[in-house]
Amino acid sequence: MALRRRLLPPGAVKFAQRCWGHGVTPFSIGAQIATLRAPQMLCFQCEQTAAGKGCTVHGVCSKTPQLAGLQDLQMLYNLHICQLAHSSRPEGEIRQECVSLLLESTYATMTNANFDEACFDHYLHRAADLVVRLAAQAPHAPPSPLGLPASLPHDRSSLFFSAGPAGLLARSAVVGDDELFGVVEMATYGWKGVVAHLYHAERLQAGGPAYSDTERAEVYQELFRVGSYLAQAGSCRPLESHALDRALAECYAL
């Protein structure tokens, strides 16, 4: 056991023992430990990506598979927040909380912006709490995208496991159309670019707002709308015959 504790990631043995106590098979424990050691990674959001195609083992930027998983999960939570905000149109403090979290945590997923796993742990739990409160305000709340956990674990090892279904490889398999999924992801990167500009614009308004409250409300409502579309289109099989045309239209709009 001492040898295995040195070879496995922190928390893996304890997690395996807990799984065994709940009747999980040795095979599934082994698969989960392997996932914790090296989760399925695919990241192609920057131009320096490996071989010009995508980083699948370790990021050229030094991003680890574990961090990539947390960032994928954060993005899926953020897009679900957009679904809920677009549906319920929250006002006041909770709306500002949506905007603040979306800007800050989405910007943190940009290339070379933030490699701190603890920071994403914090963002994820803020997002999970916000989802619960927004859903309570939405009488017809949209379902969570496939890939989001029913409840967010609190220990880091379980959090890594929960990130797997939110990854690009897992979600592309669910969508089942590589061309459509690629266009939706391209639109997602365009959406992230808009968020990055808004993040800077909000932080630089030292001399007063860069635009009026009415304009700000319109901008963020459109941000919620596009994010809502991306949450649905990037996490389930196409629901319409012209799904690719719709994805391309969203790309052009961004």
# chains A, B, ... in the order shown; residues from 1 in each chain; ligands from 1
$ select_by_dssp --residues "segment 8-218 of chain A" --states "alpha helix (DSSP H)" --output "ChimeraX atom specification"
/A:12-21,26-37,65-88,92-108,117-137,156-163,168-175,178-203,213-218
$ residues_around --residues "segment 223-239 of chain A" --least-positions-apart "6" --cutoff "7 Å" --atoms "only C-alpha atoms" --output "list in words"
Leu76, Leu79, His80, Cys82, Gln83, Ala85, His86, Pro145, Leu146, Arg171, Val174, Val175, Gly176, Phe181, Val184 and Thr188 of chain A
$ closest_residue --among "A:Pro65, A:Thr111, A:Asp178, A:Asp72" --to "Gln48 of chain A" --atoms "only C-alpha atoms"
A:Thr111
$ atom_distance --atom1 "atom CA of Asn114 of chain A" --atom2 "atom CA of Val57 of chain A"
18.8 Å
$ residues_around --residues "Gln71 of chain A" --least-positions-apart "2" --cutoff "9 Å" --atoms "only C-alpha atoms" --output "VMD selection string"
chain A and resid 66 to 69 73 to 76 105 to 106 108 to 109 120 163 167
$ residues_around --residues "His154 of chain A" --least-positions-apart "2" --cutoff "12 Å" --atoms "only C-alpha atoms" --output "PyMOL selection string"
chain A and resi 118+121-122+124-126+128+151-152+156-162
$ write_last_selection --atoms "all heavy atoms" --output "short mmCIF file (atom, residue, chain, number, x, y, z; two decimals), in the first residue's frame"
data_model
loop_
_atom_site.label_atom_id
_atom_site.label_comp_id
_atom_site.auth_asym_id
_atom_site.auth_seq_id
_atom_site.Cartn_x
_atom_site.Cartn_y
_atom_site.Cartn_z
N ALA A 118 -6.62 25.40 -7.89
CA ALA A 118 -7.41 25.83 -6.73
C ALA A 118 -8.35 26.97 -7.11
O ALA A 118 -9.48 27.06 -6.60
CB ALA A 118 -6.48 26.27 -5.59
N ASP A 121 -11.23 25.42 -8.83
CA ASP A 121 -12.04 24.76 -7.80
C ASP A 121 -13.02 25.78 -7.21
O ASP A 121 -14.23 25.52 -7.05
CB ASP A 121 -11.12 24.20 -6.72
CG ASP A 121 -11.81 23.25 -5.76
OD1 ASP A 121 -13.02 23.45 -5.50
OD2 ASP A 121 -11.18 22.32 -5.26
N HIS A 122 -12.51 26.97 -6.91
CA HIS A 122 -13.33 28.04 -6.35
C HIS A 122 -14.39 28.50 -7.35
O HIS A 122 -15.57 28.65 -7.00
CB HIS A 122 -12.43 29.20 -5.95
CG HIS A 122 -13.16 30.42 -5.48
ND1 HIS A 122 -13.91 30.45 -4.32
CD2 HIS A 122 -13.28 31.66 -6.03
CE1 HIS A 122 -14.44 31.65 -4.16
NE2 HIS A 122 -14.09 32.40 -5.19
N LEU A 124 -15.67 26.88 -9.85
CA LEU A 124 -16.65 25.82 -10.11
C LEU A 124 -17.71 25.76 -9.01
O LEU A 124 -18.90 25.59 -9.30
CB LEU A 124 -15.94 24.47 -10.25
CG LEU A 124 -15.23 24.23 -11.58
CD1 LEU A 124 -14.27 23.06 -11.49
CD2 LEU A 124 -16.25 23.99 -12.69
N HIS A 125 -17.30 25.89 -7.79
CA HIS A 125 -18.27 25.83 -6.71
C HIS A 125 -19.13 27.09 -6.66
O HIS A 125 -20.33 27.01 -6.30
CB HIS A 125 -17.57 25.56 -5.37
CG HIS A 125 -17.14 24.14 -5.22
ND1 HIS A 125 -15.88 23.71 -5.58
CD2 HIS A 125 -17.81 23.03 -4.82
CE1 HIS A 125 -15.79 22.40 -5.37
NE2 HIS A 125 -16.95 21.97 -4.92
N ARG A 126 -18.59 28.22 -7.04
CA ARG A 126 -19.42 29.42 -7.19
C ARG A 126 -20.46 29.20 -8.28
O ARG A 126 -21.64 29.56 -8.12
CB ARG A 126 -18.55 30.63 -7.53
CG ARG A 126 -17.82 31.27 -6.37
CD ARG A 126 -16.94 32.42 -6.84
NE ARG A 126 -17.71 33.48 -7.51
CZ ARG A 126 -17.14 34.49 -8.17
NH1 ARG A 126 -15.81 34.56 -8.28
NH2 ARG A 126 -17.89 35.41 -8.74
N ALA A 128 -21.66 26.30 -9.45
CA ALA A 128 -22.65 25.30 -9.07
C ALA A 128 -23.70 25.90 -8.13
O ALA A 128 -24.90 25.61 -8.26
CB ALA A 128 -21.96 24.11 -8.39
N SER A 151 -24.33 16.80 -9.02
CA SER A 151 -23.86 17.66 -7.93
C SER A 151 -22.34 17.70 -8.01
O SER A 151 -21.70 16.71 -8.38
CB SER A 151 -24.32 17.14 -6.56
OG SER A 151 -23.79 15.85 -6.32
N LEU A 152 -21.79 18.83 -7.67
CA LEU A 152 -20.34 19.03 -7.82
C LEU A 152 -19.62 18.49 -6.58
O LEU A 152 -19.91 18.90 -5.46
CB LEU A 152 -20.03 20.51 -7.99
CG LEU A 152 -18.62 20.85 -8.47
CD1 LEU A 152 -18.39 20.37 -9.90
CD2 LEU A 152 -18.40 22.36 -8.40
N ARG A 156 -10.86 17.24 -4.54
CA ARG A 156 -10.24 17.49 -5.83
C ARG A 156 -10.20 16.25 -6.72
O ARG A 156 -10.43 16.34 -7.94
CB ARG A 156 -8.81 18.01 -5.62
CG ARG A 156 -8.11 18.52 -6.87
CD ARG A 156 -8.69 19.84 -7.36
NE ARG A 156 -8.61 20.88 -6.35
CZ ARG A 156 -7.50 21.59 -6.10
NH1 ARG A 156 -6.39 21.36 -6.78
NH2 ARG A 156 -7.50 22.53 -5.18
N SER A 157 -9.94 15.08 -6.15
CA SER A 157 -9.85 13.86 -6.95
C SER A 157 -11.18 13.57 -7.65
O SER A 157 -11.23 13.30 -8.86
CB SER A 157 -9.47 12.66 -6.07
OG SER A 157 -8.21 12.86 -5.48
N SER A 158 -12.28 13.64 -6.91
CA SER A 158 -13.59 13.40 -7.49
C SER A 158 -13.95 14.48 -8.51
O SER A 158 -14.64 14.23 -9.49
CB SER A 158 -14.66 13.36 -6.40
OG SER A 158 -14.40 12.30 -5.51
N LEU A 159 -13.45 15.69 -8.28
CA LEU A 159 -13.71 16.78 -9.21
C LEU A 159 -13.07 16.50 -10.57
O LEU A 159 -13.66 16.76 -11.62
CB LEU A 159 -13.15 18.09 -8.63
CG LEU A 159 -13.66 19.40 -9.22
CD1 LEU A 159 -15.17 19.51 -9.11
CD2 LEU A 159 -13.00 20.57 -8.50
N PHE A 160 -11.85 15.94 -10.55
CA PHE A 160 -11.21 15.56 -11.81
C PHE A 160 -12.05 14.53 -12.57
O PHE A 160 -12.22 14.61 -13.78
CB PHE A 160 -9.81 14.99 -11.56
CG PHE A 160 -8.79 16.01 -11.13
CD1 PHE A 160 -7.84 15.70 -10.17
CD2 PHE A 160 -8.77 17.28 -11.68
CE1 PHE A 160 -6.89 16.63 -9.78
CE2 PHE A 160 -7.83 18.23 -11.29
CZ PHE A 160 -6.89 17.89 -10.34
N PHE A 161 -12.59 13.54 -11.83
CA PHE A 161 -13.42 12.52 -12.48
C PHE A 161 -14.66 13.16 -13.10
O PHE A 161 -15.08 12.80 -14.19
CB PHE A 161 -13.85 11.45 -11.47
CG PHE A 161 -12.71 10.66 -10.89
CD1 PHE A 161 -12.74 10.23 -9.57
CD2 PHE A 161 -11.61 10.33 -11.65
CE1 PHE A 161 -11.70 9.50 -9.03
CE2 PHE A 161 -10.55 9.61 -11.13
CZ PHE A 161 -10.59 9.19 -9.81
N SER A 162 -15.26 14.09 -12.38
CA SER A 162 -16.48 14.73 -12.85
C SER A 162 -16.25 15.57 -14.10
O SER A 162 -17.19 15.83 -14.85
CB SER A 162 -17.07 15.63 -11.75
OG SER A 162 -17.44 14.87 -10.63
#
